[in-house]
$ cat entry26.cif   # mmCIF, C-alpha atoms
data_entry
loop_
_atom_site.group_PDB
_atom_site.id
_atom_site.type_symbol
_atom_site.label_atom_id
_atom_site.label_comp_id
_atom_site.auth_asym_id
_atom_site.auth_seq_id
_atom_site.Cartn_x
_atom_site.Cartn_y
_atom_site.Cartn_z
ATOM 1 C CA MET A 11 5.352 5.337 24.533
ATOM 2 C CA GLU A 12 5.214 3.719 21.070
ATOM 3 C CA LEU A 13 1.902 2.666 19.550
ATOM 4 C CA GLN A 14 1.730 -1.051 18.794
ATOM 5 C CA THR A 15 -0.131 -2.075 15.648
ATOM 6 C CA ASN A 16 -0.569 -5.249 13.644
ATOM 7 C CA THR A 17 -1.235 -3.235 10.510
ATOM 8 C CA PRO A 18 1.277 -4.124 7.795
ATOM 9 C CA PRO A 19 3.654 -1.246 6.987
ATOM 10 C CA CYS A 20 2.583 -1.346 3.312
ATOM 11 C CA ILE A 21 -0.921 -0.290 4.364
ATOM 12 C CA LEU A 22 0.308 2.547 6.544
ATOM 13 C CA THR A 23 2.648 3.791 3.817
ATOM 14 C CA ALA A 24 -0.052 3.695 1.138
ATOM 15 C CA TRP A 25 -2.572 5.400 3.402
ATOM 16 C CA ILE A 26 -0.198 8.158 4.480
ATOM 17 C CA THR A 27 0.791 8.719 0.847
ATOM 18 C CA HIS A 28 -2.735 8.855 -0.650
ATOM 19 C CA GLU A 29 -5.141 9.796 2.143
ATOM 20 C CA THR A 30 -5.149 13.553 1.478
ATOM 21 C CA GLU A 31 -5.733 13.155 -2.259
ATOM 22 C CA LEU A 32 -8.438 10.580 -1.612
ATOM 23 C CA ARG A 33 -10.138 12.869 0.934
ATOM 24 C CA PHE A 34 -10.247 15.787 -1.536
ATOM 25 C CA TRP A 35 -11.557 13.497 -4.288
ATOM 26 C CA LEU A 36 -14.360 12.272 -2.033
ATOM 27 C CA GLN A 37 -15.206 15.817 -0.951
ATOM 28 C CA ARG A 38 -15.548 16.865 -4.596
ATOM 29 C CA HIS A 39 -17.961 13.996 -5.281
ATOM 30 C CA LEU A 40 -19.974 14.189 -2.087
ATOM 31 C CA ALA A 41 -21.711 17.421 -1.146
ATOM 32 C CA ASP A 42 -21.287 16.853 2.566
ATOM 33 C CA HIS A 43 -17.843 16.830 4.220
ATOM 34 C CA GLU A 44 -19.152 14.468 6.894
ATOM 35 C CA GLN A 45 -20.195 11.984 4.203
ATOM 36 C CA ALA A 46 -16.709 12.257 2.715
ATOM 37 C CA ALA A 47 -15.141 11.597 6.121
ATOM 38 C CA ASP A 48 -17.432 8.596 6.649
ATOM 39 C CA ALA A 49 -16.564 7.264 3.186
ATOM 40 C CA LEU A 50 -12.854 7.695 3.895
ATOM 41 C CA HIS A 51 -13.278 5.753 7.127
ATOM 42 C CA ASP A 52 -15.131 2.938 5.347
ATOM 43 C CA ILE A 53 -12.408 2.753 2.690
ATOM 44 C CA PHE A 54 -9.726 2.570 5.366
ATOM 45 C CA LEU A 55 -11.566 -0.331 7.000
ATOM 46 C CA LYS A 56 -11.607 -2.131 3.636
ATOM 47 C CA VAL A 57 -7.869 -1.580 3.323
ATOM 48 C CA ILE A 58 -7.285 -2.932 6.825
ATOM 49 C CA ALA A 59 -9.445 -5.971 6.005
ATOM 50 C CA GLN A 60 -7.046 -6.819 3.174
ATOM 51 C CA GLY A 61 -4.257 -7.348 5.693
ATOM 52 C CA LYS A 62 -0.976 -8.548 4.223
ATOM 53 C CA ALA A 63 -2.673 -9.247 0.885
ATOM 54 C CA PHE A 64 -2.699 -5.470 0.372
ATOM 55 C CA CYS A 65 1.095 -5.588 0.089
ATOM 56 C CA ALA A 66 0.779 -7.631 -3.124
ATOM 57 C CA ILE A 67 -1.235 -4.889 -4.856
ATOM 58 C CA LYS A 68 0.983 -3.403 -7.556
ATOM 59 C CA ASN A 69 -0.702 0.017 -7.624
ATOM 60 C CA PRO A 70 -2.139 0.850 -4.191
ATOM 61 C CA ARG A 71 -3.289 4.313 -5.324
ATOM 62 C CA ALA A 72 -5.361 2.857 -8.157
ATOM 63 C CA TRP A 73 -6.800 0.228 -5.804
ATOM 64 C CA LEU A 74 -7.778 2.876 -3.240
ATOM 65 C CA PHE A 75 -9.481 5.042 -5.838
ATOM 66 C CA GLN A 76 -11.307 2.052 -7.320
ATOM 67 C CA VAL A 77 -12.606 1.157 -3.862
ATOM 68 C CA ALA A 78 -13.615 4.816 -3.371
ATOM 69 C CA ARG A 79 -15.408 4.857 -6.725
ATOM 70 C CA ASN A 80 -17.255 1.636 -5.869
ATOM 71 C CA HIS A 81 -18.196 3.104 -2.507
ATOM 72 C CA LEU A 82 -19.682 6.169 -4.210
ATOM 73 C CA VAL A 83 -21.662 3.977 -6.600
ATOM 74 C CA ASP A 84 -23.053 2.061 -3.629
ATOM 75 C CA CYS A 85 -23.968 5.343 -1.899
ATOM 76 C CA TYR A 86 -25.733 6.654 -4.992
ATOM 77 C CA ARG A 87 -27.673 3.409 -5.364
ATOM 78 C CA LYS A 88 -28.729 3.473 -1.738
ATOM 79 C CA ASP A 89 -29.829 7.119 -1.876
ATOM 80 C CA LYS A 90 -31.538 6.799 -5.248
ATOM 81 C CA HIS A 91 -35.135 7.918 -5.051
ATOM 82 C CA CYS A 92 -37.651 6.056 -7.140
ATOM 83 C CA LEU A 93 -40.736 7.739 -8.458
ATOM 84 C CA SER A 94 -44.062 5.983 -8.362
ATOM 85 C CA LEU A 95 -45.704 5.830 -11.750
ATOM 86 C CA PRO A 96 -49.450 6.051 -12.172
ATOM 87 C CA GLU A 97 -51.081 2.685 -12.833
ATOM 88 C CA ALA A 98 -52.598 4.067 -16.037
ATOM 89 C CA ILE A 99 -49.134 4.053 -17.637
ATOM 90 C CA GLY A 100 -48.879 0.307 -17.221
ATOM 91 C CA ALA A 101 -52.369 -0.174 -18.678
ATOM 92 C CA GLU A 102 -51.364 1.639 -21.844
ATOM 93 C CA LEU A 103 -48.698 -0.993 -22.511
ATOM 94 C CA ILE A 104 -51.165 -3.899 -22.423
#
$ encode --input "entry26.cif" --output "structure tokens"
Amino acid sequence: MELQTNTPPCILTAWITHETELRFWLQRHLADHEQAADALHDIFLKVIAQGKAFCAIKNPRAWLFQVARNHLVDCYRKDKHCLSLPEAIGAELI
């Protein structure tokens, strides 16, 4: 039985071609393999959301890695821990 999909062939081709490299890149930048797998999934969903417009992208590999980089930046921002500063520091500036 053949799987039916509405995913444009350009997406499937790009994903099959670059998924392994993208996975290793994410694993190098994220300490946790589960986080890398989740990031890869999120990136794939962004690719799917592009639909046929993805086919117009001249360099799908560069696009995928840019989306991955942006995803990492978002993760780092979300996980960033802020330190509380003592109120006395603010008083010194006045």
$ closest_residue --input "entry26.cif" --among "A:Val83, A:Ala49, A:Leu55, A:Ala63" --to "A:Trp35" --atoms "all atoms listed in the file"
A:Ala49
$ residues_around --input "entry26.cif" --residues "A:Thr23" --least-positions-apart "6" --cutoff "12 Å" --atoms "only C-alpha atoms" --output "list in words"
Thr17, Glu29, Val57, Phe64, Cys65, Pro70 and Arg71 of chain A
$ residues_around --input "entry26.cif" --residues "A:Ile58" --least-positions-apart "4" --cutoff "12 Å" --atoms "all atoms listed in the file" --output "list in words"
Thr15, Asn16, Thr17, Pro18, Pro19, Cys20, Ile21, Leu22, Ala24, Trp25, His51, Asp52, Ile53, Phe54, Lys62, Ala63, Phe64, Cys65 and Leu74 of chain A
$ atom_distance --input "entry26.cif" --atom1 "atom CA of A:Leu36" --atom2 "atom CA of A:Leu82"
8.4 Å
$ atom_distance --input "entry26.cif" --atom1 "atom CA of A:His81" --atom2 "atom CA of A:Ile26"
20.0 Å
$ atom_distance --input "entry26.cif" --atom1 "atom CA of A:Phe75" --atom2 "atom CA of A:Leu32"
7.0 Å
$ axis_aligned_box --input "entry26.cif" --around "stretch 59-65 of chain A" --padding-each-side "3 Å" --output "AutoDock Vina command-line options"
--center_x -4.2 --center_y -7.4 --center_z 3.0 --size_x 16.5 --size_y 9.8 --size_z 11.9
$ closest_residue --input "entry26.cif" --among "A:Lys56, A:Cys85, A:His39, A:Phe34" --to "A:Trp73" --atoms "all atoms listed in the file"
A:Lys56
$ closest_residue --input "entry26.cif" --among "A:Arg38, A:His28, A:Ala66, A:Ala78" --to "A:Leu50" --atoms "only C-alpha atoms"
A:Ala78
